[in-house]
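As provided, start_26.cif (mmCIF, C-alpha atoms) reads as follows.
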```cif
data_model
loop_
_atom_site.label_atom_id
_atom_site.label_comp_id
_atom_site.auth_asym_id
_atom_site.auth_seq_id
_atom_site.Cartn_x
_atom_site.Cartn_y
_atom_site.Cartn_z
CA MET A 1 -29.95 -6.85 -85.73
CA THR A 2 -26.64 -5.16 -86.46
CA PHE A 3 -25.89 -3.90 -89.94
CA CYS A 4 -22.29 -3.85 -91.04
CA ARG A 5 -20.79 -1.20 -93.25
CA GLU A 6 -20.24 -2.34 -96.81
CA GLU A 7 -16.55 -1.47 -96.78
CA SER A 8 -15.67 -4.37 -99.06
CA VAL A 9 -17.46 -2.61 -101.95
CA LEU A 10 -15.15 0.02 -103.35
CA ILE A 11 -16.43 2.94 -105.41
CA PRO A 12 -13.65 4.98 -107.06
CA GLU A 13 -13.59 8.68 -106.29
CA SER A 14 -14.88 10.95 -109.03
CA ASP A 15 -12.20 12.29 -111.35
CA LEU A 16 -13.02 16.00 -111.46
CA ASP A 17 -9.79 17.33 -112.94
CA GLY A 18 -10.59 19.93 -115.56
CA MET A 19 -14.32 19.87 -114.84
CA SER A 20 -16.33 23.09 -115.04
CA GLY A 21 -17.67 25.03 -112.10
CA ASP A 22 -21.17 23.76 -112.81
CA THR A 23 -19.98 20.18 -112.36
CA LEU A 24 -17.90 20.98 -109.27
CA ALA A 25 -20.98 22.53 -107.67
CA VAL A 26 -22.70 19.15 -107.90
CA ARG A 27 -19.86 16.67 -107.47
CA ALA A 28 -16.88 18.14 -105.61
CA GLY A 29 -16.17 17.35 -101.98
CA GLN A 30 -18.51 14.42 -101.44
CA ILE A 31 -17.44 12.01 -98.69
CA ARG A 32 -19.16 8.69 -99.40
CA THR A 33 -19.43 6.27 -96.49
CA GLY A 34 -19.41 2.46 -96.52
CA GLN A 35 -23.19 2.55 -97.04
CA LEU A 36 -22.51 3.83 -100.57
CA GLU A 37 -25.16 6.55 -100.41
CA HIS A 38 -25.66 8.63 -103.55
CA SER A 39 -26.70 11.83 -101.76
CA ASP A 40 -24.38 13.61 -99.36
CA ALA A 41 -24.41 12.12 -95.87
CA ILE A 42 -25.00 14.18 -92.75
CA PHE A 43 -23.14 13.49 -89.52
CA PRO A 44 -25.02 15.12 -86.60
CA THR A 45 -22.59 14.00 -83.94
CA SER A 46 -20.59 15.93 -81.37
CA SER A 47 -17.74 13.41 -81.05
CA PHE A 48 -16.15 10.40 -82.74
CA VAL A 49 -14.91 7.04 -81.44
CA TYR A 50 -11.54 5.42 -81.96
CA ALA A 51 -10.39 1.86 -82.43
CA SER A 52 -7.91 2.19 -79.59
CA ALA A 53 -6.40 4.55 -77.05
CA ALA A 54 -3.34 4.77 -79.26
CA GLN A 55 -5.42 5.92 -82.21
CA ALA A 56 -7.14 8.54 -80.06
CA ALA A 57 -3.76 9.84 -78.93
CA ALA A 58 -2.50 9.96 -82.51
CA ARG A 59 -5.57 11.91 -83.63
CA PHE A 60 -5.26 14.46 -80.84
CA ALA A 61 -1.54 14.84 -81.48
CA GLY A 62 -2.12 15.48 -85.15
CA GLU A 63 -0.09 12.42 -86.13
CA GLU A 64 -3.05 10.73 -87.83
CA PRO A 65 -5.73 12.44 -89.91
CA GLY A 66 -9.34 12.00 -88.92
CA ASN A 67 -12.20 13.45 -86.93
CA ILE A 68 -11.83 14.46 -83.30
CA TYR A 69 -14.67 16.73 -82.19
CA SER A 70 -17.32 18.55 -84.20
CA ARG A 71 -16.30 21.94 -82.89
CA PHE A 72 -13.56 21.80 -85.52
CA THR A 73 -13.76 18.48 -87.45
CA ASN A 74 -16.93 17.03 -88.92
CA PRO A 75 -17.31 15.07 -92.20
CA THR A 76 -20.34 17.04 -93.39
CA VAL A 77 -18.66 20.37 -92.74
CA THR A 78 -15.48 19.11 -94.41
CA ALA A 79 -17.46 18.07 -97.49
CA PHE A 80 -18.96 21.57 -97.77
CA GLU A 81 -15.52 23.15 -97.28
CA ASN A 82 -13.99 20.98 -100.00
CA ARG A 83 -16.76 21.78 -102.46
CA ILE A 84 -16.66 25.54 -102.04
CA ALA A 85 -12.84 25.50 -102.14
CA ALA A 86 -12.96 23.63 -105.45
CA MET A 87 -15.47 26.10 -106.86
CA GLU A 88 -13.39 29.12 -105.78
CA GLY A 89 -10.14 27.56 -106.98
CA GLY A 90 -8.63 27.60 -103.48
CA GLU A 91 -6.48 25.07 -101.70
CA ARG A 92 -8.65 24.96 -98.60
CA ALA A 93 -11.72 26.40 -96.93
CA VAL A 94 -12.78 26.81 -93.31
CA ALA A 95 -16.51 27.04 -92.57
CA MET A 96 -17.92 29.16 -89.76
CA ALA A 97 -21.21 29.82 -87.97
CA SER A 98 -21.91 33.01 -89.99
CA GLY A 99 -20.41 35.32 -92.55
CA MET A 100 -19.42 37.75 -89.82
CA ALA A 101 -17.79 34.90 -87.89
CA ALA A 102 -15.74 34.14 -91.00
CA ILE A 103 -14.57 37.74 -91.34
CA THR A 104 -13.92 38.16 -87.61
CA SER A 105 -11.97 34.90 -87.40
CA THR A 106 -9.88 35.88 -90.41
CA CYS A 107 -8.94 39.17 -88.78
CA MET A 108 -8.28 37.69 -85.33
CA ALA A 109 -6.12 34.93 -86.78
CA LEU A 110 -4.03 37.05 -89.13
CA LEU A 111 -3.81 40.47 -87.43
CA LYS A 112 -2.20 41.61 -84.18
CA ALA A 113 -1.96 44.73 -82.06
CA GLY A 114 -0.18 47.47 -83.96
CA ASP A 115 -1.35 46.32 -87.37
CA HIS A 116 -3.25 48.50 -89.79
CA VAL A 117 -6.09 47.66 -92.18
CA VAL A 118 -7.39 49.56 -95.17
CA CYS A 119 -11.07 48.79 -95.69
CA SER A 120 -13.62 49.87 -98.24
CA ARG A 121 -16.15 52.33 -96.88
CA ASP A 122 -18.76 50.49 -98.93
CA VAL A 123 -18.71 47.25 -96.91
CA PHE A 124 -21.67 45.72 -95.10
CA GLY A 125 -22.49 47.91 -92.12
CA THR A 126 -21.58 45.32 -89.49
CA VAL A 127 -18.11 44.90 -91.01
CA ASN A 128 -17.65 48.62 -90.51
CA SER A 129 -18.63 48.19 -86.85
CA LEU A 130 -16.25 45.24 -86.43
CA PHE A 131 -13.26 47.27 -87.53
CA GLN A 132 -14.18 50.57 -85.89
CA LYS A 133 -15.65 49.40 -82.58
CA TYR A 134 -14.10 46.06 -81.75
CA LEU A 135 -10.79 45.41 -83.51
CA SER A 136 -9.70 48.89 -82.45
CA LYS A 137 -9.94 47.69 -78.82
CA PHE A 138 -7.15 45.23 -79.57
CA GLY A 139 -4.86 47.76 -81.19
CA VAL A 140 -5.78 47.18 -84.84
CA GLU A 141 -6.36 50.47 -86.63
CA THR A 142 -8.47 50.84 -89.77
CA THR A 143 -8.60 53.48 -92.47
CA PHE A 144 -11.75 53.55 -94.61
CA VAL A 145 -11.60 54.62 -98.24
CA LYS A 146 -14.00 54.73 -101.16
CA LEU A 147 -14.04 51.38 -102.95
CA THR A 148 -13.28 52.78 -106.40
CA ASP A 149 -10.72 55.42 -105.34
CA GLU A 150 -7.52 53.62 -106.31
CA ALA A 151 -5.35 56.60 -105.41
CA GLY A 152 -7.10 56.78 -102.04
CA TRP A 153 -6.26 53.14 -101.33
CA GLU A 154 -2.59 53.68 -102.05
CA ALA A 155 -2.47 56.88 -100.01
CA ALA A 156 -4.05 55.10 -97.03
CA ILE A 157 -1.42 52.37 -96.85
CA GLN A 158 1.01 52.67 -93.95
CA PRO A 159 4.22 50.77 -93.12
CA ASN A 160 2.21 48.58 -90.72
CA THR A 161 -0.64 47.85 -93.14
CA ARG A 162 -1.23 44.09 -93.17
CA MET A 163 -4.62 43.74 -94.86
CA LEU A 164 -6.81 45.32 -97.52
CA PHE A 165 -10.47 44.32 -97.19
CA LEU A 166 -13.23 44.97 -99.70
CA GLU A 167 -16.52 43.78 -101.15
CA THR A 168 -17.05 43.84 -104.88
CA PRO A 169 -19.66 44.53 -106.10
CA SER A 170 -20.51 46.74 -103.16
CA ASN A 171 -23.66 46.67 -101.06
CA PRO A 172 -25.97 48.30 -102.03
CA LEU A 173 -24.69 50.63 -104.78
CA CYS A 174 -23.08 47.87 -106.89
CA GLU A 175 -19.74 49.63 -107.29
CA VAL A 176 -16.89 47.45 -108.56
CA ALA A 177 -13.22 47.34 -107.62
CA ASP A 178 -10.50 46.11 -109.94
CA ILE A 179 -9.41 43.03 -107.99
CA ARG A 180 -6.19 42.46 -109.92
CA LYS A 181 -5.05 46.05 -109.35
CA MET A 182 -5.96 45.85 -105.68
CA ALA A 183 -4.05 42.58 -105.30
CA ASP A 184 -0.97 44.09 -106.92
CA LEU A 185 -1.23 47.10 -104.62
CA ALA A 186 -1.56 44.96 -101.49
CA HIS A 187 1.32 42.67 -102.41
CA ALA A 188 3.60 45.58 -103.31
CA HIS A 189 3.27 46.68 -99.66
CA GLY A 190 3.47 43.23 -98.07
CA ALA A 191 -0.25 43.12 -97.25
CA LEU A 192 -3.02 40.59 -97.88
CA LEU A 193 -6.04 41.24 -100.04
CA VAL A 194 -9.29 39.81 -98.64
CA VAL A 195 -12.34 39.95 -100.92
CA ASP A 196 -15.92 39.35 -99.83
CA ASN A 197 -17.38 37.48 -102.82
CA CYS A 198 -20.89 37.20 -101.40
CA PHE A 199 -22.69 39.09 -104.18
CA CYS A 200 -21.12 37.25 -107.11
CA THR A 201 -20.32 33.79 -105.69
CA PRO A 202 -17.69 31.66 -107.47
CA VAL A 203 -20.16 31.16 -110.31
CA LEU A 204 -19.73 34.77 -111.46
CA GLN A 205 -16.35 35.79 -110.04
CA GLN A 206 -13.20 34.09 -108.71
CA PRO A 207 -11.10 36.63 -106.79
CA LEU A 208 -8.30 34.13 -106.05
CA ALA A 209 -7.65 33.75 -109.77
CA LEU A 210 -7.35 37.54 -109.97
CA GLY A 211 -4.70 37.67 -107.25
CA ALA A 212 -6.68 37.95 -104.00
CA ASP A 213 -5.26 36.07 -101.03
CA LEU A 214 -8.51 35.15 -99.30
CA VAL A 215 -12.20 35.04 -100.19
CA THR A 216 -15.00 35.27 -97.65
CA HIS A 217 -18.68 34.41 -98.01
CA SER A 218 -21.82 34.72 -96.02
CA ALA A 219 -23.11 31.28 -96.98
CA THR A 220 -26.46 32.50 -95.67
CA LYS A 221 -26.96 34.31 -98.96
CA TYR A 222 -26.60 32.78 -102.41
CA LEU A 223 -24.70 29.64 -101.36
CA ASP A 224 -27.83 28.48 -99.55
CA GLY A 225 -30.15 30.45 -101.77
CA GLN A 226 -33.37 29.72 -99.93
CA GLY A 227 -33.00 31.61 -96.66
CA ARG A 228 -32.78 28.49 -94.50
CA CYS A 229 -29.51 28.65 -92.56
CA VAL A 230 -26.83 31.03 -91.33
CA GLY A 231 -23.19 30.28 -92.10
CA GLY A 232 -19.91 31.62 -93.46
CA VAL A 233 -16.71 30.39 -95.05
CA VAL A 234 -13.17 31.54 -95.84
CA VAL A 235 -11.26 30.18 -98.85
CA GLY A 236 -7.59 30.48 -99.75
CA PRO A 237 -4.15 28.89 -99.48
CA HIS A 238 -3.46 26.22 -96.89
CA ALA A 239 -0.88 28.28 -94.97
CA LEU A 240 -3.32 31.12 -94.23
CA LEU A 241 -6.29 28.83 -93.68
CA GLU A 242 -4.38 26.77 -91.10
CA GLU A 243 -4.06 29.87 -88.91
CA ILE A 244 -7.77 30.54 -89.26
CA PHE A 245 -8.58 26.89 -88.52
CA VAL A 246 -6.50 27.02 -85.32
CA PHE A 247 -8.48 30.09 -84.25
CA LEU A 248 -11.73 28.25 -84.97
CA ARG A 249 -10.56 25.27 -82.93
CA ALA A 250 -9.68 27.50 -79.98
CA THR A 251 -12.73 29.77 -79.99
CA GLY A 252 -15.54 27.72 -81.53
CA PRO A 253 -17.51 29.80 -84.10
CA THR A 254 -18.48 26.46 -85.57
CA MET A 255 -20.78 25.61 -88.48
CA SER A 256 -23.25 22.87 -87.56
CA PRO A 257 -23.35 19.64 -89.61
CA PHE A 258 -26.98 20.27 -90.51
CA ASN A 259 -26.24 23.75 -91.85
CA ALA A 260 -23.27 22.42 -93.81
CA TRP A 261 -25.52 19.78 -95.37
CA VAL A 262 -28.07 22.43 -96.35
CA PHE A 263 -25.31 24.53 -97.94
CA MET A 264 -24.10 21.47 -99.87
CA LYS A 265 -27.59 21.10 -101.30
CA GLY A 266 -27.62 24.81 -102.11
CA LEU A 267 -24.34 24.61 -104.01
CA GLU A 268 -25.76 21.92 -106.29
CA THR A 269 -28.18 24.43 -107.84
CA LEU A 270 -26.06 27.57 -107.45
CA PRO A 271 -24.99 27.89 -111.12
CA ILE A 272 -28.55 27.53 -112.41
CA ARG A 273 -29.93 29.92 -109.79
CA MET A 274 -27.30 32.58 -110.44
CA ARG A 275 -28.13 32.63 -114.13
CA ALA A 276 -31.81 33.12 -113.32
CA HIS A 277 -31.05 35.84 -110.73
CA CYS A 278 -28.90 37.70 -113.25
CA ASP A 279 -31.45 37.49 -116.06
CA ASN A 280 -34.26 38.81 -113.86
CA ALA A 281 -32.13 41.54 -112.31
CA LEU A 282 -30.99 42.89 -115.67
CA GLU A 283 -34.52 43.05 -117.05
CA LEU A 284 -35.82 44.64 -113.85
CA ALA A 285 -33.03 47.24 -113.85
CA GLN A 286 -33.87 48.19 -117.43
CA TRP A 287 -37.56 48.46 -116.51
CA LEU A 288 -36.86 50.58 -113.43
CA GLN A 289 -34.90 53.02 -115.56
CA GLN A 290 -38.07 53.76 -117.49
CA GLN A 291 -40.13 54.71 -114.42
CA SER A 292 -40.70 58.43 -113.92
CA ALA A 293 -40.55 58.14 -110.11
CA VAL A 294 -37.00 56.72 -110.20
CA GLU A 295 -34.03 59.05 -109.93
CA THR A 296 -31.20 56.54 -110.42
CA VAL A 297 -30.75 52.78 -110.84
CA PHE A 298 -27.56 51.17 -109.56
CA TYR A 299 -26.79 47.93 -111.43
CA THR A 300 -23.52 47.05 -113.12
CA GLY A 301 -25.33 45.38 -116.01
CA LEU A 302 -26.52 48.76 -117.28
CA PRO A 303 -24.12 50.31 -119.81
CA GLN A 304 -24.60 53.66 -118.07
CA HIS A 305 -23.08 52.28 -114.86
CA PRO A 306 -19.55 53.72 -114.44
CA HIS A 307 -18.11 50.25 -113.80
CA TYR A 308 -19.97 48.40 -116.53
CA GLU A 309 -16.85 47.57 -118.57
CA LEU A 310 -14.86 46.46 -115.52
CA ALA A 311 -17.70 44.25 -114.31
CA LYS A 312 -18.07 42.74 -117.78
CA ARG A 313 -14.36 41.94 -117.83
CA GLN A 314 -14.05 40.71 -114.23
CA GLN A 315 -17.36 38.89 -113.79
CA LYS A 316 -19.21 36.31 -115.88
CA ALA A 317 -22.49 38.18 -115.35
CA PHE A 318 -23.77 41.13 -113.32
CA GLY A 319 -25.43 39.54 -110.29
CA GLY A 320 -28.86 39.59 -108.72
CA VAL A 321 -28.72 42.69 -106.49
CA LEU A 322 -29.63 46.20 -107.56
CA SER A 323 -30.70 49.41 -105.87
CA PHE A 324 -32.53 52.52 -106.94
CA ARG A 325 -33.46 55.94 -105.63
CA VAL A 326 -37.04 57.08 -105.77
CA LYS A 327 -37.87 60.75 -105.97
CA GLY A 328 -38.32 62.07 -102.45
CA GLY A 329 -36.94 60.84 -99.15
CA ARG A 330 -37.55 58.24 -96.47
CA GLU A 331 -41.31 58.71 -96.53
CA GLU A 332 -41.51 57.95 -100.24
CA ALA A 333 -39.12 54.99 -99.99
CA TRP A 334 -41.13 53.46 -97.15
CA ARG A 335 -44.40 54.08 -98.98
CA PHE A 336 -43.05 52.27 -102.02
CA ILE A 337 -41.84 49.30 -99.97
CA ASP A 338 -45.05 49.01 -97.95
CA ALA A 339 -47.20 48.98 -101.10
CA THR A 340 -45.68 45.75 -102.41
CA ARG A 341 -47.62 42.54 -101.78
CA MET A 342 -45.39 39.75 -103.09
CA VAL A 343 -41.75 40.67 -102.58
CA SER A 344 -40.50 40.08 -99.05
CA ILE A 345 -39.62 43.04 -96.83
CA THR A 346 -36.44 41.68 -95.28
CA ALA A 347 -32.79 42.64 -95.17
CA ASN A 348 -31.54 39.22 -96.27
CA LEU A 349 -30.39 38.76 -99.85
CA GLY A 350 -29.46 35.96 -102.21
CA ASP A 351 -32.79 34.17 -101.82
CA VAL A 352 -34.84 32.64 -104.64
CA LYS A 353 -37.58 34.92 -103.32
CA THR A 354 -37.14 38.60 -104.19
CA THR A 355 -36.46 40.77 -101.15
CA ILE A 356 -36.72 44.52 -100.66
CA THR A 357 -35.24 46.72 -97.96
CA HIS A 358 -34.45 50.31 -96.99
CA PRO A 359 -30.66 50.25 -96.36
CA ALA A 360 -30.50 53.53 -94.44
CA THR A 361 -32.64 52.09 -91.63
CA THR A 362 -31.74 48.37 -91.85
CA THR A 363 -28.43 47.03 -93.19
CA HIS A 364 -26.63 50.35 -92.75
CA GLY A 365 -28.83 51.75 -89.99
CA ARG A 366 -26.08 51.81 -87.35
CA LEU A 367 -23.74 53.93 -89.40
CA SER A 368 -23.36 57.56 -88.44
CA PRO A 369 -25.03 60.13 -90.69
CA GLU A 370 -21.56 61.10 -91.94
CA ASP A 371 -20.65 57.51 -92.81
CA LYS A 372 -23.98 57.00 -94.57
CA GLU A 373 -23.44 60.09 -96.64
CA GLN A 374 -19.93 59.05 -97.61
CA ALA A 375 -21.18 55.56 -98.53
CA GLY A 376 -24.03 56.95 -100.63
CA ILE A 377 -26.74 55.49 -98.38
CA SER A 378 -29.45 58.08 -98.90
CA GLU A 379 -32.93 58.07 -97.36
CA ASN A 380 -34.58 57.52 -100.75
CA LEU A 381 -32.48 54.44 -101.59
CA ILE A 382 -34.17 51.04 -101.95
CA ARG A 383 -32.33 47.73 -102.43
CA LEU A 384 -33.71 44.73 -104.27
CA SER A 385 -32.28 41.24 -104.15
CA VAL A 386 -33.95 39.88 -107.25
CA GLY A 387 -35.25 36.33 -107.01
CA ILE A 388 -36.25 33.83 -109.65
CA GLU A 389 -40.00 34.50 -109.78
CA ALA A 390 -41.65 35.29 -113.12
CA ILE A 391 -40.34 38.67 -114.23
CA ASP A 392 -43.81 39.96 -115.17
CA ASP A 393 -45.06 39.17 -111.67
CA LEU A 394 -42.15 41.08 -110.14
CA LYS A 395 -42.86 44.10 -112.32
CA ALA A 396 -46.55 43.98 -111.41
CA ASP A 397 -45.78 43.91 -107.69
CA LEU A 398 -43.23 46.71 -107.85
CA ASP A 399 -45.67 48.74 -109.91
CA ARG A 400 -47.84 48.82 -106.77
CA GLY A 401 -45.06 50.87 -105.24
CA PHE A 402 -45.08 53.33 -108.09
CA GLN A 403 -48.85 53.58 -107.91
CA ALA A 404 -48.54 54.36 -104.18
CA LEU A 405 -46.12 57.19 -104.96
CA GLN A 406 -48.58 58.66 -107.44
CA ASN A 407 -51.59 58.18 -105.11
CA PRO A 408 -50.34 58.49 -101.50
CA GLY A 409 -53.73 57.74 -99.98
CA HIS A 410 -53.96 54.36 -101.70
CA GLY A 411 -50.51 52.95 -100.97
CA ASN A 412 -51.54 50.17 -98.61
CA ILE A 413 -54.66 48.81 -100.27
#
```
Here is a file; write its structure as structure tokens.
Amino acid sequence: MTFCREESVLIPESDLDGMSGDTLAVRAGQIRTGQLEHSDAIFPTSSFVYASAAQAAARFAGEEPGNIYSRFTNPTVTAFENRIAAMEGGERAVAMASGMAAITSTCMALLKAGDHVVCSRDVFGTVNSLFQKYLSKFGVETTFVKLTDEAGWEAAIQPNTRMLFLETPSNPLCEVADIRKMADLAHAHGALLVVDNCFCTPVLQQPLALGADLVTHSATKYLDGQGRCVGGVVVGPHALLEEIFVFLRATGPTMSPFNAWVFMKGLETLPIRMRAHCDNALELAQWLQQQSAVETVFYTGLPQHPHYELAKRQQKAFGGVLSFRVKGGREEAWRFIDATRMVSITANLGDVKTTITHPATTTHGRLSPEDKEQAGISENLIRLSVGIEAIDDLKADLDRGFQALQNPGHGNI
């Protein structure tokens, strides 16, 4: 038996003008088929059929909108792109296979040999490798500066500077850049400002509204929120995103329909999750400050943090990632981590499950000793991505780490 699509039944599109980010996270971008499904559909197909040869020709020529091949056009991926673009306040988004694919594609599409980039020294370690090891092979030079050194950023700009790239808050020390000032600086010199918004997500921070040209995400983190899939996305104006889309079409760092569908489901709960992450992280940061074995806690929600006022002005809340230094070195940091029994020892972040890692030997392990020192990645530094478990249970598990520091022989019981 053949079932026909119910195309004669018309459901008007949702009117989302003026709706809040919480509503956009649930409603924006949905592509409802003739079956009138309430949940988002998933289209696990490599190709699409056409009504005629003429229609196929028109699609391939760009004369008619529509799907062609899932390397670069797929309804599920498009739905995810439209939703995250709406949440970030951007005209368009292009989804990729990973966060690094999104950053790499942005650079390859918008930079050329002879161009210069100014990049924060505080970026994710692999971004550092991308600029230093690989883009340099193609004649793109990069100068690294401290994220919060505004004078250093301006001094690093050259006549051929085409891009400023930064993460804010930074990983893992939670330093914060003034996005509006950085955007003004970039534009005064004819450069683009690209902001990695992975830590805050559009729920807490919207860099485009503050003047940034492009926003990147590792969707693997908070956008999914449950550690299920790897993906990335770039958001911004149509003119810039078209160049990035053409690069995607030519080179194929494609997001799969299944992953896009998972990210759509993740976005539906993102506002609620981010509030829970922030609440837990703030209470945990305050608790960590009281522990005698802790040297320093890095979390922008603490009034003692040097960028507390800027973060309060620029963000809606302070995020779910914090780091702290225990007294001692690598041995003490590892002993603390190994003594925990609930939190997950993994370098991923943004999960509903709390994760713990030693940045100097994981996320930033490939940096040179000099680069680690300049970035503040010490051997006694521990990073927590705070999940949404009961706060008392988190404290109890982390207390095992403190007990192990006090009683070295009992750390792994």
For A:Asp149, the nearest of the candidates A:Ala109, A:Val176, A:Ile272, A:Ala360, counting all atoms listed in the file: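 Of A:Ala109, A:Val176, A:Ile272, A:Ala360, the one nearest A:Asp149 is A:Val176, counting all atoms listed in the file.
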Could you give me, as JSON lines, every stretch 279-336 of chain A residue with an atom at most 7 Å from stretch 170-175 of chain A, plus its closest atom pair and distance in Å to one decimal, counting all atoms listed in the file, rows ordered by chain then number?
```
{"residue": "A:Phe298", "atom": "CA", "partner": "A:Leu173", "partner_atom": "CA", "distance": 5.6}
{"residue": "A:Tyr299", "atom": "CA", "partner": "A:Cys174", "partner_atom": "CA", "distance": 5.9}
{"residue": "A:Thr300", "atom": "CA", "partner": "A:Cys174", "partner_atom": "CA", "distance": 6.3}
{"residue": "A:His307", "atom": "CA", "partner": "A:Glu175", "partner_atom": "CA", "distance": 6.7}
{"residue": "A:Leu322", "atom": "CA", "partner": "A:Cys174", "partner_atom": "CA", "distance": 6.8}
{"residue": "A:Ser323", "atom": "CA", "partner": "A:Pro172", "partner_atom": "CA", "distance": 6.2}
```
Closest of A:Ile244, A:Val230, A:Ala311, A:Ala151 to A:Asn259, counting all atoms listed in the file, is A:Val230
* Could you list the residues chosen by the PyMOL selection byres ((chain A and resi 88) around 8) in this structure as an NGL selection string? => :A and (84-87 or 89-90 or 202 or 206-208 or 235)
Go ahead and write the residues just picked, C-alpha atoms, as a PDB file, keeping the file's coordinate frame.
```pdb
ATOM      1  CA  ILE A  84     -16.660  25.540-102.040  1.00  0.00           C
ATOM      2  CA  ALA A  85     -12.840  25.500-102.140  1.00  0.00           C
ATOM      3  CA  ALA A  86     -12.960  23.630-105.450  1.00  0.00           C
ATOM      4  CA  MET A  87     -15.470  26.100-106.860  1.00  0.00           C
ATOM      5  CA  GLY A  89     -10.140  27.560-106.980  1.00  0.00           C
ATOM      6  CA  GLY A  90      -8.630  27.600-103.480  1.00  0.00           C
ATOM      7  CA  PRO A 202     -17.690  31.660-107.470  1.00  0.00           C
ATOM      8  CA  GLN A 206     -13.200  34.090-108.710  1.00  0.00           C
ATOM      9  CA  PRO A 207     -11.100  36.630-106.790  1.00  0.00           C
ATOM     10  CA  LEU A 208      -8.300  34.130-106.050  1.00  0.00           C
ATOM     11  CA  VAL A 235     -11.260  30.180 -98.850  1.00  0.00           C
TER      12      VAL A 235
END
```
_Neighbouring residues of stretch 185-193 of chain A were defined as those with any atom within 9 Å, considering only C-alpha atoms; residues of the same chain fewer than 2 positions away were excluded. Please report them as a list in words._
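Once the adjacent positions are removed, what remains is Val117, Trp153, Glu154, Ile157, Gln158, Pro159, Asn160, Thr161, Arg162, Met163, Leu164, Phe165, Leu166, Ile179, Arg180, Lys181, Met182, Ala183, Val195, Gly211, Ala212, Asp213, Leu214 and Val215 of chain A.
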### Task
Report as a PyMOL selection string the residues that result from applying the PyMOL selection byres ((chain A and resi 274-281) around 8) to the structure here.
chain A and resi 203-204+270-273+282-285+317-322+352+386-388+391
Self-check item: Contacts of A:Gly252 at 9 Å (only C-alpha atoms; same-chain gap of 5+ positions) as a PyMOL selection string
Solution: chain A and resi 71-72+96-97+247
Discussion item. Using Å and a single decimal, report how far atom CA of A:Arg383 sits from atom CA of A:Thr355.
Written reply: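 If I compute the distance from atom CA of A:Thr355 to atom CA of A:Arg383, I get 8.2 Å.
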(Q) Expand the PyMOL selection byres ((chain A and resi 46) around 8) into the explicit residue set it covers here, and present it as a list in words. (A) Pro44, Thr45, Ser47, Phe48, Tyr69, Ser70 and Arg71 of chain A
Kindly output stretch 52-64 of chain A as a PDB file, keeping the file's coordinate frame, after building N, CA and C atoms.
```pdb
ATOM      1  N   SER A  52      -8.774   2.455 -80.736  1.00  0.00           N
ATOM      2  CA  SER A  52      -7.910   2.190 -79.590  1.00  0.00           C
ATOM      3  C   SER A  52      -7.500   3.492 -78.935  1.00  0.00           C
ATOM      4  N   ALA A  53      -6.931   3.366 -77.731  1.00  0.00           N
ATOM      5  CA  ALA A  53      -6.400   4.550 -77.050  1.00  0.00           C
ATOM      6  C   ALA A  53      -5.251   5.149 -77.838  1.00  0.00           C
ATOM      7  N   ALA A  54      -4.479   4.288 -78.475  1.00  0.00           N
ATOM      8  CA  ALA A  54      -3.340   4.770 -79.260  1.00  0.00           C
ATOM      9  C   ALA A  54      -3.809   5.593 -80.452  1.00  0.00           C
ATOM     10  N   GLN A  55      -4.895   5.151 -81.086  1.00  0.00           N
ATOM     11  CA  GLN A  55      -5.420   5.920 -82.210  1.00  0.00           C
ATOM     12  C   GLN A  55      -5.958   7.279 -81.745  1.00  0.00           C
ATOM     13  N   ALA A  56      -6.640   7.281 -80.603  1.00  0.00           N
ATOM     14  CA  ALA A  56      -7.140   8.540 -80.060  1.00  0.00           C
ATOM     15  C   ALA A  56      -5.991   9.504 -79.798  1.00  0.00           C
ATOM     16  N   ALA A  57      -4.915   8.994 -79.215  1.00  0.00           N
ATOM     17  CA  ALA A  57      -3.760   9.840 -78.930  1.00  0.00           C
ATOM     18  C   ALA A  57      -3.148  10.382 -80.213  1.00  0.00           C
ATOM     19  N   ALA A  58      -3.087   9.533 -81.244  1.00  0.00           N
ATOM     20  CA  ALA A  58      -2.500   9.960 -82.510  1.00  0.00           C
ATOM     21  C   ALA A  58      -3.362  11.041 -83.170  1.00  0.00           C
ATOM     22  N   ARG A  59      -4.682  10.897 -83.057  1.00  0.00           N
ATOM     23  CA  ARG A  59      -5.570  11.910 -83.630  1.00  0.00           C
ATOM     24  C   ARG A  59      -5.384  13.252 -82.914  1.00  0.00           C
ATOM     25  N   PHE A  60      -5.382  13.223 -81.599  1.00  0.00           N
ATOM     26  CA  PHE A  60      -5.260  14.460 -80.840  1.00  0.00           C
ATOM     27  C   PHE A  60      -3.893  15.111 -81.021  1.00  0.00           C
ATOM     28  N   ALA A  61      -2.884  14.302 -81.283  1.00  0.00           N
ATOM     29  CA  ALA A  61      -1.540  14.840 -81.480  1.00  0.00           C
ATOM     30  C   ALA A  61      -1.312  15.323 -82.901  1.00  0.00           C
ATOM     31  N   GLY A  62      -2.270  15.078 -83.767  1.00  0.00           N
ATOM     32  CA  GLY A  62      -2.120  15.480 -85.150  1.00  0.00           C
ATOM     33  C   GLY A  62      -1.236  14.552 -85.963  1.00  0.00           C
ATOM     34  N   GLU A  63      -0.940  13.377 -85.422  1.00  0.00           N
ATOM     35  CA  GLU A  63      -0.090  12.420 -86.130  1.00  0.00           C
ATOM     36  C   GLU A  63      -0.876  11.549 -87.099  1.00  0.00           C
ATOM     37  N   GLU A  64      -2.195  11.533 -86.962  1.00  0.00           N
ATOM     38  CA  GLU A  64      -3.050  10.730 -87.830  1.00  0.00           C
ATOM     39  C   GLU A  64      -4.245  11.586 -88.229  1.00  0.00           C
TER      40      GLU A  64
END
```
